[in-house]
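> This is coords_16.txt, which holds compact mmCIF, C-alpha atoms and all ligand atoms:
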```txt
# COMPACT_ATOMS: atom_id res chain seq x y z
CA MET M 251 -14.58 -20.90 -16.81
CA ARG M 252 -15.88 -19.80 -13.43
CA LEU M 253 -13.68 -17.44 -11.42
CA GLY M 254 -13.84 -16.10 -7.87
CA LEU M 255 -12.61 -12.58 -7.08
CA LEU M 256 -11.70 -10.87 -3.82
CA THR M 257 -10.00 -7.72 -2.55
CA GLY M 258 -8.12 -8.14 0.75
CA GLY M 259 -6.14 -6.06 3.21
CA GLY M 260 -6.09 -2.27 3.37
CA ASP M 261 -8.02 -0.76 0.46
CA CYS M 262 -6.42 1.56 -2.07
CA PRO M 263 -7.42 3.55 -5.12
CA GLY M 264 -7.50 1.30 -8.20
CA LEU M 265 -9.17 -1.80 -6.74
CA ASN M 266 -12.42 -1.11 -8.57
CA ALA M 267 -10.49 -0.69 -11.81
CA VAL M 268 -9.11 -4.25 -11.41
CA ILE M 269 -12.57 -5.65 -10.60
CA ARG M 270 -13.96 -3.92 -13.68
CA ALA M 271 -11.16 -5.20 -15.90
CA VAL M 272 -11.55 -8.81 -14.72
CA VAL M 273 -15.33 -8.79 -15.19
CA ARG M 274 -15.31 -6.93 -18.50
CA ASP M 275 -12.71 -9.29 -19.93
CA ALA M 276 -13.86 -12.58 -18.39
CA VAL M 277 -17.64 -12.09 -18.50
CA GLY M 278 -18.12 -9.45 -21.20
CA ARG M 279 -15.59 -10.66 -23.74
CA ARG M 280 -14.90 -14.34 -22.99
CA GLY M 281 -18.32 -15.43 -21.73
CA ASP M 282 -16.92 -16.71 -18.41
CA GLU M 283 -18.59 -16.25 -15.04
CA VAL M 284 -17.22 -14.27 -12.09
CA VAL M 285 -18.28 -14.57 -8.46
CA GLY M 286 -17.22 -11.74 -6.14
CA PHE M 287 -16.55 -12.44 -2.45
CA ALA M 288 -17.22 -9.81 0.21
CA ASP M 289 -14.50 -8.47 2.51
CA GLY M 290 -11.42 -10.39 1.39
CA TRP M 291 -10.78 -13.91 2.67
CA LEU M 292 -13.65 -13.45 5.16
CA GLY M 293 -16.23 -13.68 2.36
CA VAL M 294 -14.68 -16.93 1.10
CA LEU M 295 -14.62 -18.42 4.62
CA ASP M 296 -18.26 -17.44 5.20
CA ASP M 297 -19.37 -17.95 1.59
CA ASP M 298 -20.58 -14.38 1.23
CA ALA M 299 -20.71 -14.23 -2.55
CA ARG M 300 -22.50 -12.59 -5.45
CA THR M 301 -22.36 -12.95 -9.19
CA LEU M 302 -20.63 -10.06 -10.92
CA ASP M 303 -21.95 -9.16 -14.37
CA THR M 304 -20.87 -6.28 -16.57
CA ALA M 305 -23.69 -4.09 -15.20
CA ALA M 306 -22.26 -4.52 -11.68
CA VAL M 307 -18.95 -2.94 -12.73
CA ARG M 308 -20.34 -0.08 -14.80
CA GLY M 309 -19.02 3.38 -13.89
CA ILE M 310 -16.51 2.28 -11.25
CA ILE M 311 -13.07 2.77 -12.88
CA HIS M 312 -12.69 6.20 -11.27
CA ARG M 313 -14.09 5.26 -7.87
CA GLY M 314 -11.81 4.71 -4.87
CA GLY M 315 -12.32 1.83 -2.43
CA THR M 316 -13.69 -1.53 -3.52
CA ILE M 317 -17.26 -2.50 -4.38
CA LEU M 318 -16.50 -5.92 -2.84
CA GLY M 319 -15.38 -4.59 0.53
CA SER M 320 -12.10 -5.60 2.13
CA SER M 321 -10.68 -6.96 5.37
CA GLY M 322 -7.38 -8.16 6.75
CA THR M 323 -8.83 -11.61 7.56
CA ASN M 324 -6.18 -14.32 7.52
CA PRO M 325 -7.82 -17.69 6.74
CA PHE M 326 -5.00 -19.51 8.54
CA ASN M 327 -6.07 -17.89 11.83
CA HIS M 328 -9.57 -19.35 11.53
CA ASP M 329 -10.91 -22.78 12.43
CA ARG M 330 -10.65 -25.08 9.38
CA GLY M 331 -9.76 -21.95 7.34
CA PRO M 332 -8.11 -23.56 4.29
CA GLU M 333 -10.73 -26.37 4.21
CA ARG M 334 -13.57 -23.84 4.31
CA ILE M 335 -11.95 -21.92 1.44
CA GLU M 336 -11.81 -25.12 -0.64
CA GLU M 337 -15.41 -25.99 0.25
CA THR M 338 -16.63 -22.56 -0.87
CA LEU M 339 -14.76 -22.80 -4.17
CA ALA M 340 -16.21 -26.28 -4.77
CA ARG M 341 -19.76 -25.15 -3.84
CA HIS M 342 -19.59 -22.42 -6.50
CA ARG M 343 -17.86 -24.79 -8.97
CA LEU M 344 -15.04 -22.27 -9.37
CA ASP M 345 -12.01 -23.11 -11.48
CA GLY M 346 -9.97 -20.73 -9.36
CA LEU M 347 -9.78 -17.43 -7.52
CA ILE M 348 -8.16 -14.07 -8.25
CA ALA M 349 -6.95 -12.43 -5.02
CA ILE M 350 -6.16 -8.73 -5.24
CA GLY M 351 -4.04 -7.90 -2.22
CA GLY M 352 -0.89 -6.80 -0.47
CA GLU M 353 1.51 -8.65 1.79
CA GLY M 354 -1.05 -10.23 4.16
CA THR M 355 -3.57 -11.29 1.50
CA LEU M 356 -0.94 -12.62 -0.92
CA THR M 357 0.98 -14.46 1.84
CA ALA M 358 -2.25 -16.32 2.59
CA ALA M 359 -2.74 -16.86 -1.17
CA THR M 360 0.78 -18.32 -1.43
CA ARG M 361 0.13 -20.73 1.44
CA LEU M 362 -3.23 -21.76 -0.07
CA ALA M 363 -1.57 -22.30 -3.46
CA ASP M 364 0.96 -24.58 -1.73
CA LEU M 365 -2.01 -26.60 -0.47
CA GLY M 366 -3.29 -26.96 -4.03
CA VAL M 367 -5.89 -24.16 -4.08
CA HIS M 368 -6.17 -22.53 -7.52
CA VAL M 369 -5.32 -18.90 -6.84
CA ILE M 370 -3.82 -16.03 -8.83
CA GLY M 371 -2.55 -12.79 -7.29
CA VAL M 372 -2.80 -9.14 -8.30
CA PRO M 373 -0.49 -6.79 -6.33
CA LYS M 374 -1.98 -3.73 -4.65
CA THR M 375 -0.84 -1.59 -1.74
CA ILE M 376 -0.12 2.10 -1.40
CA ASP M 377 3.07 1.01 0.41
CA ASN M 378 4.62 -0.39 -2.84
CA ASP M 379 6.54 -2.94 -0.76
CA LEU M 380 5.78 -6.17 -2.65
CA SER M 381 8.73 -7.72 -4.46
CA ALA M 382 8.92 -9.00 -8.04
CA ASN M 383 7.10 -5.99 -9.49
CA ASP M 384 7.87 -2.35 -10.33
CA TYR M 385 4.84 -0.67 -8.79
CA THR M 386 1.75 -1.85 -6.91
CA ILE M 387 -1.72 -0.48 -7.59
CA GLY M 388 -2.54 2.54 -5.42
CA PHE M 389 1.01 3.72 -4.83
CA HIS M 390 1.04 6.53 -7.40
CA THR M 391 -2.26 7.91 -6.13
CA ALA M 392 -0.96 7.94 -2.55
CA VAL M 393 2.22 9.71 -3.66
CA GLY M 394 0.04 12.30 -5.40
CA VAL M 395 -1.95 12.94 -2.20
CA ALA M 396 1.22 13.20 -0.12
CA THR M 397 2.98 15.46 -2.62
CA GLU M 398 0.01 17.82 -2.76
CA ALA M 399 0.05 17.98 1.05
CA VAL M 400 3.77 18.83 1.07
CA ASP M 401 3.13 21.53 -1.56
CA ARG M 402 0.33 23.02 0.53
CA LEU M 403 2.35 22.90 3.73
CA HIS M 404 5.21 24.78 2.07
CA SER M 405 3.33 28.06 1.76
CA THR M 406 1.95 28.08 5.28
CA ALA M 407 5.34 26.98 6.70
CA GLU M 408 6.97 29.91 4.93
CA SER M 409 4.36 32.42 6.10
CA HIS M 410 4.88 31.49 9.76
CA ASN M 411 8.59 30.52 9.78
CA ARG M 412 7.67 27.05 10.97
CA VAL M 413 8.93 23.52 10.76
CA MET M 414 6.19 21.32 9.29
CA VAL M 415 6.34 17.62 10.03
CA VAL M 416 4.14 15.60 7.67
CA GLU M 417 3.55 11.94 8.42
CA VAL M 418 2.74 9.58 5.56
CA MET M 419 1.93 5.86 5.47
CA GLY M 420 4.55 3.18 4.94
CA ARG M 421 4.72 0.46 7.51
CA HIS M 422 7.97 -1.27 6.63
CA ALA M 423 9.11 0.70 3.59
CA GLY M 424 9.45 4.40 2.93
CA TRP M 425 8.34 4.48 -0.71
CA ILE M 426 5.59 7.09 -0.23
CA ALA M 427 7.77 9.25 2.03
CA ILE M 428 10.82 9.31 -0.23
CA SER M 429 8.74 9.83 -3.37
CA ALA M 430 6.64 12.67 -1.93
CA GLY M 431 9.78 14.07 -0.30
CA ILE M 432 11.60 14.25 -3.63
CA ALA M 433 8.56 15.46 -5.58
CA GLY M 434 7.60 18.04 -2.95
CA GLY M 435 11.12 19.28 -2.21
CA ALA M 436 11.21 18.20 1.44
CA ASP M 437 14.20 19.24 3.54
CA ALA M 438 14.44 15.94 5.42
CA THR M 439 12.80 12.57 4.85
CA LEU M 440 12.75 9.87 7.50
CA ILE M 441 12.07 6.30 6.39
CA PRO M 442 12.15 2.82 7.98
CA GLU M 443 15.11 1.78 5.81
CA ARG M 444 17.43 4.29 7.55
CA PRO M 445 16.91 4.71 11.32
CA PHE M 446 17.21 8.42 12.09
CA ASP M 447 19.24 10.24 14.70
CA LEU M 448 17.09 13.04 16.09
CA ASP M 449 20.15 15.11 17.01
CA GLU M 450 21.32 14.94 13.40
CA VAL M 451 17.89 15.90 12.09
CA CYS M 452 17.79 18.92 14.43
CA ALA M 453 21.37 19.91 13.52
CA LEU M 454 20.42 19.78 9.85
CA LEU M 455 17.40 22.02 10.44
CA ARG M 456 19.48 24.49 12.47
CA THR M 457 22.13 24.70 9.74
CA ARG M 458 19.45 25.24 7.11
CA HIS M 459 17.72 27.96 9.14
CA MET M 460 21.00 29.74 10.03
CA ARG M 461 22.21 29.62 6.44
CA SER M 462 19.18 30.82 4.54
CA ALA M 463 15.74 29.42 5.22
CA SER M 464 13.21 30.34 7.86
CA PHE M 465 11.05 27.25 7.45
CA SER M 466 11.47 23.53 6.82
CA ILE M 467 9.44 20.53 5.72
CA VAL M 468 10.16 17.13 7.28
CA VAL M 469 8.43 14.09 5.75
CA VAL M 470 8.30 11.08 8.05
CA ALA M 471 7.04 7.59 7.21
CA GLU M 472 4.82 6.17 9.94
CA GLY M 473 7.22 3.22 10.26
CA ALA M 474 10.40 5.31 10.59
CA LEU M 475 12.57 4.34 13.55
CA PRO M 476 14.88 6.41 15.74
CA VAL M 477 18.40 4.99 16.21
CA ASP M 478 18.98 3.14 19.48
CA HIS M 479 15.47 4.00 20.70
CA SER M 480 16.67 7.60 21.10
CA MET M 481 13.11 8.85 20.91
CA PRO M 482 10.04 7.20 22.51
CA LEU M 483 7.56 5.67 20.07
CA PRO M 484 3.78 5.50 20.52
CA ALA M 485 2.43 2.12 21.77
CA TYR M 486 1.12 0.26 18.73
CA GLU M 487 -1.54 -2.47 18.66
CA VAL M 488 -1.01 -5.49 16.41
CA ASP M 489 -3.50 -6.60 13.73
CA GLU M 490 -4.63 -10.10 12.70
CA ASN M 491 -1.64 -10.56 10.43
CA GLY M 492 0.77 -9.56 13.19
CA PHE M 493 1.44 -6.11 11.71
CA PRO M 494 1.64 -3.11 14.06
CA ARG M 495 -1.16 -0.55 13.64
CA LEU M 496 1.10 2.43 13.10
CA GLY M 497 0.41 6.15 13.03
CA GLY M 498 1.40 8.94 15.36
CA ILE M 499 5.22 8.99 15.29
CA SER M 500 5.07 12.64 14.16
CA ALA M 501 3.13 13.57 17.31
CA VAL M 502 6.28 12.65 19.23
CA LEU M 503 8.76 13.89 16.62
CA GLY M 504 7.23 17.37 16.16
CA PRO M 505 7.36 18.44 19.83
CA GLN M 506 10.88 16.96 20.14
CA ILE M 507 12.07 19.06 17.19
CA GLN M 508 10.47 22.16 18.67
CA GLU M 509 12.00 21.53 22.09
CA ARG M 510 15.50 20.87 20.75
CA THR M 511 15.66 23.58 18.06
CA GLY M 512 13.34 26.22 19.47
CA TYR M 513 11.62 26.44 16.06
CA ASP M 514 7.85 26.65 16.05
CA THR M 515 6.78 23.22 14.75
CA ARG M 516 3.46 21.81 13.54
CA VAL M 517 2.43 18.26 12.71
CA THR M 518 0.16 16.90 9.96
CA ILE M 519 -0.77 13.21 9.78
CA LEU M 520 -2.16 12.31 6.36
CA GLY M 521 -3.34 8.85 7.44
CA HIS M 522 -6.11 7.28 5.41
CA THR M 523 -6.54 10.28 3.09
CA GLN M 524 -3.73 8.55 1.17
CA ARG M 525 -5.88 5.47 0.67
CA GLY M 526 -9.12 7.21 -0.29
CA GLY M 527 -10.51 8.90 -3.35
CA SER M 528 -10.14 8.57 -7.07
CA PRO M 529 -7.12 6.70 -8.52
CA VAL M 530 -4.74 8.67 -10.73
CA PRO M 531 -4.57 7.58 -14.41
CA PHE M 532 -1.37 5.56 -13.80
CA ASP M 533 -3.16 3.38 -11.22
CA ARG M 534 -6.27 2.98 -13.39
CA ILE M 535 -4.16 1.84 -16.33
CA LEU M 536 -1.95 -0.45 -14.21
CA ALA M 537 -5.05 -1.96 -12.56
CA THR M 538 -6.66 -2.54 -15.95
CA ARG M 539 -3.55 -4.17 -17.40
CA LEU M 540 -3.12 -6.42 -14.34
CA GLY M 541 -6.81 -7.38 -14.29
CA VAL M 542 -6.70 -8.45 -17.95
CA ALA M 543 -3.40 -10.29 -17.32
CA ALA M 544 -4.92 -12.14 -14.34
CA VAL M 545 -7.78 -13.41 -16.54
CA ALA M 546 -5.25 -14.55 -19.16
CA LEU M 547 -3.27 -16.34 -16.43
CA ALA M 548 -6.39 -18.11 -15.17
CA THR M 549 -7.31 -19.12 -18.71
CA ALA M 550 -3.82 -20.60 -19.14
CA GLY M 551 -4.04 -22.39 -15.77
CA GLY M 552 -1.27 -20.28 -14.25
CA TRP M 553 -2.36 -20.95 -10.67
CA GLY M 554 0.03 -19.95 -7.89
CA ARG M 555 1.29 -17.00 -9.92
CA MET M 556 0.88 -13.21 -9.78
CA ALA M 557 0.38 -10.74 -12.63
CA ALA M 558 3.04 -8.04 -12.28
CA LEU M 559 4.50 -4.94 -13.89
CA SER M 560 8.21 -5.50 -14.50
CA GLY M 561 10.41 -3.22 -16.57
CA GLY M 562 7.26 -1.59 -17.92
CA GLU M 563 5.89 -4.90 -19.23
CA ILE M 564 3.18 -7.08 -17.74
CA VAL M 565 4.62 -10.46 -16.77
CA ASP M 566 3.71 -13.22 -14.34
CA VAL M 567 5.82 -14.39 -11.40
CA PRO M 568 5.42 -17.03 -8.68
CA LEU M 569 3.21 -15.68 -5.88
CA ALA M 570 5.91 -16.65 -3.39
CA ASP M 571 8.38 -14.26 -5.06
CA ALA M 572 6.15 -11.28 -4.26
CA VAL M 573 6.02 -11.92 -0.53
CA ALA M 574 9.26 -13.79 0.23
CA GLU M 575 11.09 -10.53 0.87
CA ARG M 576 9.84 -6.97 1.25
CA LYS M 577 10.75 -4.50 -1.47
CA VAL M 578 12.41 -1.61 0.32
CA VAL M 579 13.68 1.73 -0.97
CA PRO M 580 17.07 1.16 -2.64
CA ASP M 581 20.20 3.05 -1.59
CA SER M 582 20.33 4.77 -4.99
CA LEU M 583 16.97 6.50 -4.41
CA ILE M 584 17.95 7.41 -0.85
CA ARG M 585 21.15 9.01 -2.20
CA THR M 586 19.11 11.04 -4.71
CA ALA M 587 16.87 12.31 -1.90
CA GLU M 588 19.94 13.16 0.21
CA VAL M 589 21.18 15.58 -2.47
CA PHE M 590 18.23 17.79 -1.54
CA THR M 591 18.39 17.33 2.25
CA GLY M 592 18.92 20.41 4.37
O1 LIG N 1 -0.43 -1.54 4.11
C1 LIG N 1 -1.13 -0.41 3.72
C2 LIG N 1 -1.40 0.48 4.88
O2 LIG N 1 -2.04 1.62 4.36
C3 LIG N 1 -0.17 0.86 5.71
O3 LIG N 1 0.61 1.87 5.15
C4 LIG N 1 -0.81 1.25 7.03
O4 LIG N 1 0.08 1.12 8.12
C5 LIG N 1 -1.92 0.27 7.14
O5 LIG N 1 -2.28 -0.10 5.82
C6 LIG N 1 -3.11 0.80 7.87
O6 LIG N 1 -4.13 -0.14 7.83
P1 LIG N 1 -5.54 -0.05 8.59
O7 LIG N 1 -5.63 1.25 9.29
O8 LIG N 1 -6.56 -0.18 7.49
O9 LIG N 1 -5.54 -1.23 9.50
```
Translate the structure of the given file into structure tokens.


Amino acid sequence: MRLGLLTGGGDCPGLNAVIRAVVRDAVGRRGDEVVGFADGWLGVLDDDARTLDTAAVRGIIHRGGTILGSSGTNPFNHDRGPERIEETLARHRLDGLIAIGGEGTLTAATRLADLGVHVIGVPKTIDNDLSANDYTIGFHTAVGVATEAVDRLHSTAESHNRVMVVEVMGRHAGWIAISAGIAGGADATLIPERPFDLDEVCALLRTRHMRSASFSIVVVAEGALPVDHSMPLPAYEVDENGFPRLGGISAVLGPQIQERTGYDTRVTILGHTQRGGSPVPFDRILATRLGVAAVALATAGGWGRMAALSGGEIVDVPLADAVAERKVVPDSLIRTAEVFTG
């Protein structure tokens, strides 16, 4: 069998662990061949490819990023995109392609599969917002980075009697925010699933400070929204997949909190630190299991499907199920976080 492999969309820790698992299993164990494409769908469009042997994936399980490079290229926005993808696959005599990606990459994969392209998906995104799976690769590492930041901000907040606003990633879903908020003991967590009322947030901080505390930690997801546009939002550009390039809501939120409460407030934006660096063991193991499962799927001809963690087991689901609807934070988890609010 000859397989293509790509990593698309925003990178995350654990991508190299999937690449390693696919190559070690397919090439090293089964005697198949694997061709890696550079920079996501762009490398397939432009036929920027190289053969991946076991030597190429040596010593990368712990490395962040992706040795293949990544981009948010959407083949459907390019002239003859789907045709060029098929031509590249035919030129390399590939039986099919494994696409490791998030919403944008796997939506394109789903559309290509509908056109008859042999493609299998592996879910990755620090946002954890793909459906039909428990956790995406990269999420646990990002939560670790965000939780450590909240821990570190606690001591300096306490020393200076400050409100610390920490902004984490999460475009449409607040998984990182709510997880780091719970793990780090945040006093308020603002997520896209529940538009926030700034007056209520300030009232909550005032009550907390009058009752006992002299400092507070507010975790805000970059995609959090104020109710009824009650607070101005930064102007966001839009990327190739039509997603807003977020980041910076805390730069508005922090000064507003300070102005309304009178509490000295500081802002920290974690940004891409959440996407960089070494994957935690959970992500390395998940990536390895999903990589091996993707090779098994390809071997069985399971095109148009995605390897996924579900109920702790590795299963496969239709690609379309992963992207049809976004997986958002459920009410039950929000209620748990609310127990510790204020
Ligand atoms: O989807 C993953 C993600 O990290 C989002 O949380 C974030 O909004 C986006 O990617 C940023 O992407 P980039 O800066 O690479 O365009």

> Could the residues of chain M that have an atom at most 10 Å from ligand LIG 1 (chain N) be listed as a Markdown table, each with its closest atom pair and the distance in Å to one decimal, counting all atoms listed in the file and ordered by chain and ascending residue number?


```
| residue | atom | partner | partner_atom | distance |
| --- | --- | --- | --- | --- |
| M:Gly259 | CA | N:LIG1 | O8 | 7.3 |
| M:Gly260 | CA | N:LIG1 | O8 | 4.6 |
| M:Asp261 | CA | N:LIG1 | O8 | 7.2 |
| M:Cys262 | CA | N:LIG1 | O2 | 7.8 |
| M:Ser320 | CA | N:LIG1 | O8 | 9.4 |
| M:Ser321 | CA | N:LIG1 | O8 | 8.2 |
| M:Gly322 | CA | N:LIG1 | O9 | 7.7 |
| M:Gly351 | CA | N:LIG1 | O1 | 9.7 |
| M:Gly352 | CA | N:LIG1 | O1 | 7.0 |
| M:Glu353 | CA | N:LIG1 | O1 | 7.7 |
| M:Gly354 | CA | N:LIG1 | O1 | 8.7 |
| M:Lys374 | CA | N:LIG1 | C1 | 9.0 |
| M:Thr375 | CA | N:LIG1 | C1 | 5.6 |
| M:Ile376 | CA | N:LIG1 | C1 | 5.8 |
| M:Asp377 | CA | N:LIG1 | O3 | 5.4 |
| M:Asn378 | CA | N:LIG1 | O1 | 8.7 |
| M:Asp379 | CA | N:LIG1 | O1 | 8.6 |
| M:Gly388 | CA | N:LIG1 | C1 | 9.7 |
| M:Phe389 | CA | N:LIG1 | C1 | 9.7 |
| M:Ala392 | CA | N:LIG1 | O2 | 9.4 |
| M:Val418 | CA | N:LIG1 | O3 | 8.0 |
| M:Met419 | CA | N:LIG1 | O3 | 4.2 |
| M:Gly420 | CA | N:LIG1 | O3 | 4.2 |
| M:Arg421 | CA | N:LIG1 | O4 | 4.7 |
| M:His422 | CA | N:LIG1 | O3 | 8.1 |
| M:Ala423 | CA | N:LIG1 | O3 | 8.7 |
| M:Gly424 | CA | N:LIG1 | O3 | 9.5 |
| M:Ile426 | CA | N:LIG1 | O3 | 9.0 |
| M:Ala471 | CA | N:LIG1 | O3 | 8.8 |
| M:Glu472 | CA | N:LIG1 | O4 | 7.2 |
| M:Gly473 | CA | N:LIG1 | O4 | 7.7 |
| M:Val488 | CA | N:LIG1 | O9 | 9.3 |
| M:Asp489 | CA | N:LIG1 | O9 | 7.1 |
| M:Glu490 | CA | N:LIG1 | O9 | 9.5 |
| M:Phe493 | CA | N:LIG1 | O4 | 8.2 |
| M:Pro494 | CA | N:LIG1 | O4 | 7.5 |
| M:Arg495 | CA | N:LIG1 | O4 | 5.9 |
| M:Leu496 | CA | N:LIG1 | O4 | 5.2 |
| M:Gly497 | CA | N:LIG1 | O4 | 7.0 |
| M:Gly521 | CA | N:LIG1 | O2 | 8.0 |
| M:His522 | CA | N:LIG1 | O2 | 7.1 |
| M:Thr523 | CA | N:LIG1 | O2 | 9.8 |
| M:Gln524 | CA | N:LIG1 | O2 | 7.8 |
| M:Arg525 | CA | N:LIG1 | O2 | 6.6 |
```

> Do you know which residues are at most 12 Å from M:Gln506 counting only C-alpha atoms, after dropping those on the same chain fewer than 5 positions away, and could you put them as a compact mmCIF listing (two decimals) with C-alpha atoms, in the coordinates of the input?


```txt
# COMPACT_ATOMS: atom_id res chain seq x y z
CA VAL M 413 8.93 23.52 10.76
CA VAL M 415 6.34 17.62 10.03
CA LEU M 448 17.09 13.04 16.09
CA ASP M 449 20.15 15.11 17.01
CA VAL M 451 17.89 15.90 12.09
CA CYS M 452 17.79 18.92 14.43
CA SER M 480 16.67 7.60 21.10
CA MET M 481 13.11 8.85 20.91
CA PRO M 482 10.04 7.20 22.51
CA LEU M 483 7.56 5.67 20.07
CA ILE M 499 5.22 8.99 15.29
CA SER M 500 5.07 12.64 14.16
CA ALA M 501 3.13 13.57 17.31
CA THR M 511 15.66 23.58 18.06
CA GLY M 512 13.34 26.22 19.47
CA TYR M 513 11.62 26.44 16.06
CA ASP M 514 7.85 26.65 16.05
CA THR M 515 6.78 23.22 14.75
CA ARG M 516 3.46 21.81 13.54
CA VAL M 517 2.43 18.26 12.71
```

> Return the single residue from M:Thr591, M:Gly492, M:Thr586, M:Leu380 that is closest to M:Glu450, with distances computed using only C-alpha atoms.

M:Thr591

> Find the residues near M:Ala572: any atom within 9 Å, counting only C-alpha atoms, skip ones fewer than 6 places away on the same chain, and give them as a PyMOL selection string.

chain M and resi 353+356-357+373+380-383+556

> Rounded to one decimal in Å, what is the spacing between atom CA of M:Asp581 and atom CA of M:Leu475?

17.0 Å

> So how many Å separate atom CA of M:Glu509 and atom CA of M:Ile584, to one decimal?

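Answer for the atom CA of M:Glu509 to atom CA of M:Ile584 separation: 27.6 Å.
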
> Might you pull out every residue within 12 Å of stretch 395-402 of chain M, with all atoms listed in the file counted and same-chain residues fewer than 2 positions away left off, and present them as an NGL selection string?

:M and (263 or 376 or 388-393 or 404-409 or 413-420 or 425-439 or 466-471 or 517-530)

> Leaving out stretch 339-344 of chain M and any residue of its chain fewer than 6 positions from it, which residues lie within 7 Å of it when counting all atoms listed in the file, given as a CSV table (one decimal) with C-alpha atoms, in the coordinates of the input?


```csv
chain,number,residue,atom,x,y,z
M,252,ARG,CA,-15.9,-19.8,-13.4
M,253,LEU,CA,-13.7,-17.4,-11.4
M,254,GLY,CA,-13.8,-16.1,-7.9
```

> As an exercise, work out the distance from atom CA of M:Ile441 to atom CA of M:Arg412 in Å and give it to one decimal place.

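Atom CA of M:Ile441 sits 21.7 Å away from atom CA of M:Arg412.
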